[in-house]
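Structure file structure_10.cif; described as mmCIF, C-alpha atoms.
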data_target
loop_
_atom_site.label_atom_id
_atom_site.label_comp_id
_atom_site.auth_asym_id
_atom_site.auth_seq_id
_atom_site.Cartn_x
_atom_site.Cartn_y
_atom_site.Cartn_z
CA THR A 102 117.96 103.71 84.91
CA ALA A 103 115.98 106.92 84.35
CA GLU A 104 116.14 106.38 80.60
CA MET A 105 114.95 102.77 80.93
CA ALA A 106 112.13 103.81 83.27
CA ALA A 107 110.78 106.61 81.08
CA GLY A 108 107.11 106.25 80.20
CA ARG A 109 106.51 103.20 82.38
CA HIS A 110 104.75 102.34 85.63
CA VAL A 111 107.77 101.50 87.79
CA LEU A 112 107.98 99.67 91.09
CA ILE A 113 110.59 101.15 93.43
CA ILE A 114 111.39 98.10 95.55
CA GLU A 115 113.25 98.85 98.79
CA ASP A 116 114.83 96.61 101.41
CA SER A 117 117.86 96.41 103.70
CA SER A 118 120.61 93.85 104.10
CA GLU A 119 123.71 93.65 106.23
CA ILE A 120 127.21 92.98 104.91
CA ASN A 121 128.93 91.02 107.67
CA TYR A 122 132.73 91.14 107.94
CA GLU A 123 133.12 89.48 111.35
CA ALA A 124 135.04 86.53 109.85
CA LYS A 125 137.71 89.02 108.79
CA ALA A 126 137.42 91.37 111.77
CA SER A 127 141.14 91.38 112.52
CA ARG A 128 141.82 92.79 109.05
CA LYS A 129 139.10 95.46 109.02
CA ARG A 130 138.93 99.00 110.40
CA GLY A 131 136.33 101.72 110.51
CA LEU A 132 133.22 99.54 110.42
CA GLY A 133 130.10 99.56 112.59
CA ARG A 134 128.01 96.82 114.18
CA VAL A 135 125.43 94.80 112.27
CA GLY A 136 122.08 93.40 113.36
CA ASN A 137 123.22 91.24 116.27
CA GLY A 138 125.02 94.21 117.85
CA LYS A 139 128.33 92.32 118.00
CA ASP A 140 129.63 91.52 114.52
CA ILE A 141 131.25 94.23 112.40
CA GLY A 142 130.01 95.29 108.99
CA LEU A 143 127.75 97.75 107.21
CA PHE A 144 124.24 98.00 105.78
CA VAL A 145 122.92 98.52 102.26
CA HIS A 146 119.42 99.73 101.40
CA PRO A 147 118.85 99.77 97.63
CA ALA A 148 115.88 101.07 95.65
CA LEU A 149 115.50 98.74 92.69
CA ALA A 150 113.48 99.93 89.68
CA VAL A 151 111.30 97.17 88.19
CA ASP A 152 108.70 97.36 85.43
CA ALA A 153 105.28 96.92 87.05
CA GLY A 154 103.91 95.16 84.00
CA ASP A 155 106.44 92.47 83.12
CA GLY A 156 108.81 92.41 86.11
CA SER A 157 111.90 93.35 84.12
CA VAL A 158 114.75 94.93 86.10
CA LEU A 159 115.26 98.48 84.83
CA GLY A 160 118.20 99.40 87.06
CA LEU A 161 119.28 100.70 90.43
CA ALA A 162 117.38 103.93 91.15
CA GLY A 163 119.13 104.75 94.42
CA ALA A 164 120.69 103.35 97.59
CA THR A 165 121.61 104.26 101.15
CA ILE A 166 124.73 102.68 102.64
CA TRP A 167 125.77 103.23 106.24
CA ARG A 168 127.62 101.94 109.28
CA ARG A 169 125.76 101.62 112.57
CA GLU A 170 128.09 103.27 115.05
CA ALA A 171 125.74 104.08 117.94
CA LYS A 172 123.20 102.14 119.96
CA LYS A 173 119.52 103.08 119.91
CA ALA A 174 118.67 105.99 122.19
CA HIS A 175 116.37 105.15 125.09
CA ASP A 176 113.80 107.57 123.67
CA TYR A 177 114.19 106.30 120.10
CA GLN A 178 110.46 105.92 119.43
CA ALA A 179 109.80 109.54 120.40
CA LEU A 180 112.47 110.95 118.05
CA PRO A 181 111.52 112.59 114.74
CA ILE A 182 111.81 110.24 111.76
CA GLU A 183 114.81 112.19 110.42
CA ALA A 184 116.79 111.17 113.51
CA LYS A 185 116.02 107.46 113.07
CA GLU A 186 117.70 104.84 110.92
CA SER A 187 114.23 104.04 109.55
CA HIS A 188 114.32 107.36 107.65
CA LYS A 189 116.11 105.30 104.97
CA TRP A 190 112.66 104.21 103.73
CA ILE A 191 111.72 107.81 102.98
CA GLY A 192 115.05 109.32 101.95
CA THR A 193 116.05 106.51 99.58
CA ALA A 194 112.63 106.35 97.92
CA LYS A 195 112.41 110.11 97.47
CA ALA A 196 115.86 110.26 95.88
CA ALA A 197 114.95 107.36 93.57
CA CYS A 198 111.67 108.96 92.50
CA GLN A 199 113.36 112.31 91.88
CA ALA A 200 115.97 110.57 89.71
CA LEU A 201 113.30 109.01 87.45
CA THR A 202 112.30 112.30 85.89
CA ASP A 203 110.32 110.91 82.94
CA THR A 204 108.49 108.15 84.79
CA PRO A 205 104.74 108.93 84.93
CA GLN A 206 103.85 106.52 87.75
CA MET A 207 105.90 104.92 90.51
CA THR A 208 104.89 102.60 93.33
CA VAL A 209 107.22 102.31 96.32
CA VAL A 210 107.08 98.72 97.59
CA GLY A 211 108.28 97.69 101.05
CA ASP A 212 108.00 94.77 103.44
CA ARG A 213 106.89 94.91 107.06
CA GLU A 214 109.86 97.00 108.23
CA ALA A 215 108.49 99.84 106.09
CA ASP A 216 105.17 99.92 107.98
CA ILE A 217 105.87 103.45 109.24
CA TYR A 218 103.24 106.19 109.50
CA GLU A 219 105.56 108.81 108.02
CA VAL A 220 106.10 106.63 104.94
CA PHE A 221 102.37 106.78 104.19
CA ALA A 222 102.21 110.49 105.07
CA ARG A 223 105.24 111.77 103.16
CA LEU A 224 106.00 109.57 100.15
CA PRO A 225 102.76 109.64 98.09
CA GLY A 226 102.56 112.37 95.48
CA GLU A 227 101.27 113.18 92.03
CA ARG A 228 103.41 110.44 90.45
CA THR A 229 104.05 108.27 93.50
CA HIS A 230 102.04 105.55 95.25
CA VAL A 231 103.05 103.31 98.16
CA LEU A 232 102.44 99.61 98.77
CA ILE A 233 103.57 98.34 102.17
CA ARG A 234 102.95 95.09 104.00
CA ALA A 235 101.40 95.93 107.36
CA VAL A 236 102.82 94.52 110.58
CA ARG A 237 101.25 96.87 113.13
CA ASP A 238 97.63 96.46 114.21
CA ARG A 239 97.09 100.21 114.06
CA ALA A 240 94.30 102.23 115.63
CA LEU A 241 91.73 103.47 113.13
CA GLY A 242 89.77 106.69 113.04
CA THR A 243 86.71 104.72 114.13
CA ARG A 244 86.65 104.79 117.92
CA GLY A 245 88.15 101.66 119.41
CA GLU A 246 88.61 99.78 116.12
CA ARG A 247 91.90 98.24 115.00
CA LEU A 248 93.27 97.55 111.55
CA PHE A 249 93.35 93.75 111.61
CA SER A 250 89.87 93.30 113.03
CA ALA A 251 88.47 95.72 110.44
CA ILE A 252 89.76 93.64 107.52
CA ALA A 253 88.75 90.38 109.23
CA LYS A 254 85.12 91.58 109.34
CA THR A 255 85.14 92.37 105.61
CA ALA A 256 83.41 89.89 103.33
CA GLU A 257 85.59 87.64 101.19
CA ALA A 258 85.78 89.09 97.66
CA GLY A 259 87.10 85.97 95.96
CA ARG A 260 90.05 83.59 95.86
CA ILE A 261 93.33 83.44 93.99
CA ALA A 262 96.11 80.87 93.69
CA PHE A 263 99.79 81.15 92.80
CA GLU A 264 103.10 79.38 93.24
CA LEU A 265 104.88 80.48 96.42
CA GLN A 266 108.62 80.86 95.92
CA ALA A 267 110.86 78.42 97.80
CA ARG A 268 113.11 79.86 100.49
CA PRO A 269 115.73 78.34 102.80
CA GLY A 270 113.83 75.98 105.10
CA ARG A 271 110.59 76.40 103.15
CA PRO A 272 109.87 74.50 99.93
CA GLY A 273 107.86 76.14 97.20
CA ARG A 274 104.16 75.26 97.01
CA THR A 275 100.92 76.29 95.35
CA VAL A 276 98.81 78.40 97.69
CA GLU A 277 95.11 79.22 97.53
CA LEU A 278 94.16 82.45 99.26
CA ALA A 279 90.98 84.25 100.28
CA VAL A 280 91.02 87.92 99.22
CA ARG A 281 89.49 90.79 101.20
CA PHE A 282 89.80 94.53 100.75
CA THR A 283 88.50 97.70 102.36
CA ALA A 284 89.29 101.38 102.86
CA VAL A 285 90.79 102.28 106.26
CA SER A 286 91.60 105.51 108.10
CA LEU A 287 94.82 105.15 110.07
CA ARG A 288 95.16 107.27 113.20
CA GLN A 289 98.53 108.94 113.76
CA PRO A 290 100.47 107.19 116.57
CA ARG A 291 100.74 109.33 119.68
CA LEU A 292 104.36 108.44 120.43
CA GLY A 293 106.63 110.48 118.20
CA ALA A 294 103.70 112.22 116.48
CA ASP A 295 104.90 114.99 114.17
CA SER A 296 102.69 118.05 113.66
CA ARG A 297 103.79 118.16 110.00
CA ASP A 298 101.87 114.94 109.33
CA PRO A 299 98.06 114.56 109.18
CA ARG A 300 96.24 113.17 112.21
CA GLU A 301 94.56 110.55 109.99
CA LEU A 302 95.38 108.93 106.65
CA THR A 303 92.91 107.13 104.39
CA LEU A 304 94.41 104.14 102.58
CA ASN A 305 93.19 100.93 100.99
CA MET A 306 93.96 97.56 102.52
CA VAL A 307 94.12 94.20 100.75
CA GLU A 308 94.41 90.98 102.73
CA VAL A 309 95.19 87.55 101.31
CA ARG A 310 94.91 84.63 103.72
CA GLU A 311 95.89 81.06 102.84
CA ILE A 312 93.21 78.39 102.75
CA ASP A 313 94.27 75.09 104.41
CA PRO A 314 97.95 75.97 105.04
CA PRO A 315 100.39 73.19 106.00
CA SER A 316 100.54 74.71 109.51
CA ALA A 317 99.47 77.89 111.29
CA LYS A 318 103.13 78.94 111.45
CA ASP A 319 103.60 78.60 107.68
CA ALA A 320 100.30 80.19 106.64
CA VAL A 321 100.50 83.02 104.12
CA ILE A 322 98.77 86.11 105.51
CA TRP A 323 99.61 89.35 103.74
CA ARG A 324 97.94 92.59 104.78
CA LEU A 325 98.88 95.20 102.20
CA LEU A 326 98.34 98.94 102.66
CA THR A 327 98.34 101.08 99.53
CA THR A 328 97.40 104.45 98.10
CA HIS A 329 96.24 102.76 94.89
CA SER A 330 92.50 102.58 94.28
CA VAL A 331 91.04 99.17 95.18
CA GLU A 332 87.39 98.83 94.21
CA THR A 333 87.19 95.37 92.65
CA LEU A 334 88.67 91.91 93.04
CA ALA A 335 90.76 92.59 89.93
CA ASP A 336 92.20 95.71 91.60
CA ALA A 337 93.05 93.69 94.73
CA CYS A 338 94.75 90.97 92.65
CA ARG A 339 96.80 93.64 90.89
CA ILE A 340 98.03 94.91 94.27
CA VAL A 341 99.01 91.37 95.31
CA GLU A 342 100.92 90.85 92.06
CA MET A 343 102.84 94.09 92.58
CA TYR A 344 103.76 93.03 96.10
CA ARG A 345 104.91 89.62 94.86
CA SER A 346 107.51 91.45 92.76
CA ARG A 347 109.26 92.36 96.02
CA TRP A 348 111.15 89.04 95.94
CA ILE A 349 113.32 90.49 93.13
CA VAL A 350 115.23 92.58 95.67
CA GLU A 351 116.04 89.37 97.57
CA GLN A 352 117.66 88.14 94.36
CA LEU A 353 119.72 91.32 94.32
CA PHE A 354 121.05 90.61 97.81
CA ARG A 355 121.89 87.01 96.93
CA THR A 356 123.75 88.23 93.86
CA VAL A 357 125.70 90.76 95.94
CA LYS A 358 126.62 88.10 98.48
CA SER A 359 126.57 84.33 98.08
CA GLN A 360 125.50 83.75 94.48
CA ALA A 361 127.92 85.91 92.53
CA ILE A 362 129.98 88.82 93.87
CA ASP A 363 130.62 87.40 97.36
CA LEU A 364 131.06 90.88 98.82
CA GLU A 365 131.60 89.60 102.36
CA GLU A 366 134.83 87.92 101.24
CA SER A 367 136.46 91.22 100.23
CA LEU A 368 140.03 91.72 101.46
CA ILE A 369 139.70 95.52 101.51
CA ALA A 370 140.33 96.77 105.04
CA ASP A 371 139.06 100.36 105.26
CA GLY A 372 135.44 101.09 106.13
CA ASP A 373 135.11 104.05 103.72
CA ALA A 374 136.47 101.95 100.88
CA LEU A 375 134.12 99.08 101.77
CA GLU A 376 131.15 101.46 101.55
CA ARG A 377 132.24 102.49 98.05
CA LEU A 378 132.75 98.84 97.13
CA ALA A 379 129.21 98.05 98.34
CA ALA A 380 127.83 100.78 96.10
CA ALA A 381 129.71 99.38 93.11
CA ALA A 382 128.57 95.84 93.99
CA LEU A 383 124.90 96.91 93.98
CA VAL A 384 125.32 98.38 90.49
CA VAL A 385 127.13 95.29 89.20
CA ALA A 386 124.62 92.91 90.78
CA THR A 387 121.77 94.84 89.15
CA ARG A 388 123.48 94.48 85.75
CA VAL A 389 123.94 90.74 86.35
CA MET A 390 120.23 90.40 87.13
CA GLN A 391 119.35 92.34 83.97
CA LEU A 392 121.43 89.90 81.92
CA VAL A 393 119.79 86.89 83.58
CA HIS A 394 116.27 88.33 83.17
CA GLY A 395 117.08 89.28 79.60
CA ARG A 396 117.25 85.60 78.67
CA GLY A 397 113.53 85.23 79.48
CA SER A 398 110.39 86.86 78.14
CA PRO A 399 110.48 89.95 80.46
CA GLY A 400 113.78 90.97 78.87
CA GLN A 401 112.54 90.88 75.33
CA GLY A 402 110.62 94.18 75.54
#

Would you write the structure of this file as structure tokens?
Amino acid sequence: TAEMAAGRHVLIIEDSSEINYEAKASRKRGLGRVGNGKDIGLFVHPALAVDAGDGSVLGLAGATIWRREAKKAHDYQALPIEAKESHKWIGTAKAACQALTDTPQMTVVGDREADIYEVFARLPGERTHVLIRAVRDRALGTRGERLFSAIAKTAEAGRIAFELQARPGRPGRTVELAVRFTAVSLRQPRLGADSRDPRELTLNMVEVREIDPPSAKDAVIWRLLTTHSVETLADACRIVEMYRSRWIVEQLFRTVKSQAIDLEESLIADGDALERLAAAALVVATRVMQLVHGRGSPGQG
């Protein structure tokens, strides 16, 4: 992967997925609990390296695999990030970026679960940018102002349109979106504040909001926080296009599970062995995706 990524601008796309073995619980041992707190299984959190220009899959740059064996502590929010499961967003990305030694520019891309102050404070570096979809209406350095109202007051910079990918329960459709962008200064949250991190962080925010959506529930509203410079509509559109590449990691999960490898049907019993199998499955699934993408124009470079 490092060899393929050399000399490129690379997206490090992160996300998590659970591998659920509840249907075979009587034949498994040494597993933890998955998202519902009842079923047994494990979690995978890959960092997929993708070319920022043409979307080609360069390889698996890293992964964290774990079993959730304990319930959340009552003071979870006040714990340092290193003691939280959410540290995966930092640890996995850092390991991936360190592995890509000859890559001049990397952008770590994450969905709403990655909207963590420490991600913005600790991941950016000389070669590394971040691009995260915001979910928290954070306090800004400006007294009393919040993140979402700040972008809502910003003048519309223009409009874009693209084809929204179909998902289970949601057909694909062409969407037209109003684009806004502005610089924001995020204030460090008081709960769990770490003295190692700055009290404020200046980032750029891009919002795209669907015009005439089919319903309020289905409306596309993406608020994207990034360390990349955003000074023009073209810059904002470039940020949106990078974020749209995040769907590639969803393909990886489908390849690992239902569409190809069917990892959840494994007959292996031992939890340690199942973790190693999950690691191998992520590598194989990445290779499968490279073969599929190689049939199209992105794979011809």

Using only C-alpha atoms for the distances, tell me which of A:Arg274, A:Leu143, A:Trp323, A:Arg297 is nearest to Arg130 in chain A. A:Leu143

Show me, as a PDB file with C-alpha atoms, keeping the file's coordinate frame, the residues that have an atom within 6 Å of range 283-293 of chain A when counting all atoms listed in the file, minus same-chain residues fewer than 2 positions from it.
ATOM      1  CA  ALA A 179     109.800 109.540 120.400  1.00  0.00           C
ATOM      2  CA  LEU A 180     112.470 110.950 118.050  1.00  0.00           C
ATOM      3  CA  ALA A 240      94.300 102.230 115.630  1.00  0.00           C
ATOM      4  CA  LEU A 241      91.730 103.470 113.130  1.00  0.00           C
ATOM      5  CA  GLY A 242      89.770 106.690 113.040  1.00  0.00           C
ATOM      6  CA  ARG A 300      96.240 113.170 112.210  1.00  0.00           C
ATOM      7  CA  GLU A 301      94.560 110.550 109.990  1.00  0.00           C
ATOM      8  CA  LEU A 302      95.380 108.930 106.650  1.00  0.00           C
ATOM      9  CA  THR A 303      92.910 107.130 104.390  1.00  0.00           C
ATOM     10  CA  LEU A 304      94.410 104.140 102.580  1.00  0.00           C
ATOM     11  CA  ASN A 305      93.190 100.930 100.990  1.00  0.00           C
ATOM     12  CA  MET A 306      93.960  97.560 102.520  1.00  0.00           C
TER      13      MET A 306
END

Centre and edge lengths of an axis-aligned box around all listed atoms of range 238-248 of chain A, with 4 Å added on each side, are to be given in Å to one decimal, as JSON.
{"center_x": 92.1, "center_y": 101.6, "center_z": 115.5, "size_x": 19.0, "size_y": 18.2, "size_z": 15.9}

Could you state which residues are captured by the PyMOL selection byres ((chain A and resi 341) around 10) in this file, as a short mmCIF file (atom, residue, chain, number, x, y, z; two decimals) with C-alpha atoms, in the coordinates of the input?
data_model
loop_
_atom_site.label_atom_id
_atom_site.label_comp_id
_atom_site.auth_asym_id
_atom_site.auth_seq_id
_atom_site.Cartn_x
_atom_site.Cartn_y
_atom_site.Cartn_z
CA LEU A 232 102.44 99.61 98.77
CA ILE A 261 93.33 83.44 93.99
CA VAL A 280 91.02 87.92 99.22
CA VAL A 307 94.12 94.20 100.75
CA GLU A 308 94.41 90.98 102.73
CA VAL A 309 95.19 87.55 101.31
CA TRP A 323 99.61 89.35 103.74
CA ARG A 324 97.94 92.59 104.78
CA LEU A 325 98.88 95.20 102.20
CA ALA A 335 90.76 92.59 89.93
CA ASP A 336 92.20 95.71 91.60
CA ALA A 337 93.05 93.69 94.73
CA CYS A 338 94.75 90.97 92.65
CA ARG A 339 96.80 93.64 90.89
CA ILE A 340 98.03 94.91 94.27
CA GLU A 342 100.92 90.85 92.06
CA MET A 343 102.84 94.09 92.58
CA TYR A 344 103.76 93.03 96.10
CA ARG A 345 104.91 89.62 94.86
CA SER A 346 107.51 91.45 92.76
#

Between A:Glu311, A:Asp116, A:Asp152, A:Asp212, which residue has the minimum interatomic distance to Thr165 in chain A, considering all atoms listed in the file? A:Asp116

Quick one: apply the PyMOL selection byres ((chain A and resi 238) around 8) to the file and drop the selected residues here as number ranges by chain. A: 235-237, 239-240, 247-249

Could you expand the PyMOL selection byres ((chain A and resi 120) around 9) into the explicit residues it covers here, written as a PyMOL selection string? chain A and resi 118-119+121-122+135+141-145+358+364-365+379

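The gap separating CA of Thr229 in chain A from CA of His329 in chain A is 9.7 Å, in Å to one decimal.
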
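Counting all atoms listed in the file and comparing A:Ala258, A:Ala197, A:Val231, A:Ile113, the residue that lies closest to Glu332 in chain A is A:Ala258.
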
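Checking A:Lys185, A:Thr208, A:Arg134, A:Gly160 one by one against Glu227 in chain A, counting all atoms listed in the file, you find the shortest gap at A:Thr208.
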
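What separates CA of Ile252 in chain A from CA of Ala317 in chain A is a distance of 18.9 Å.
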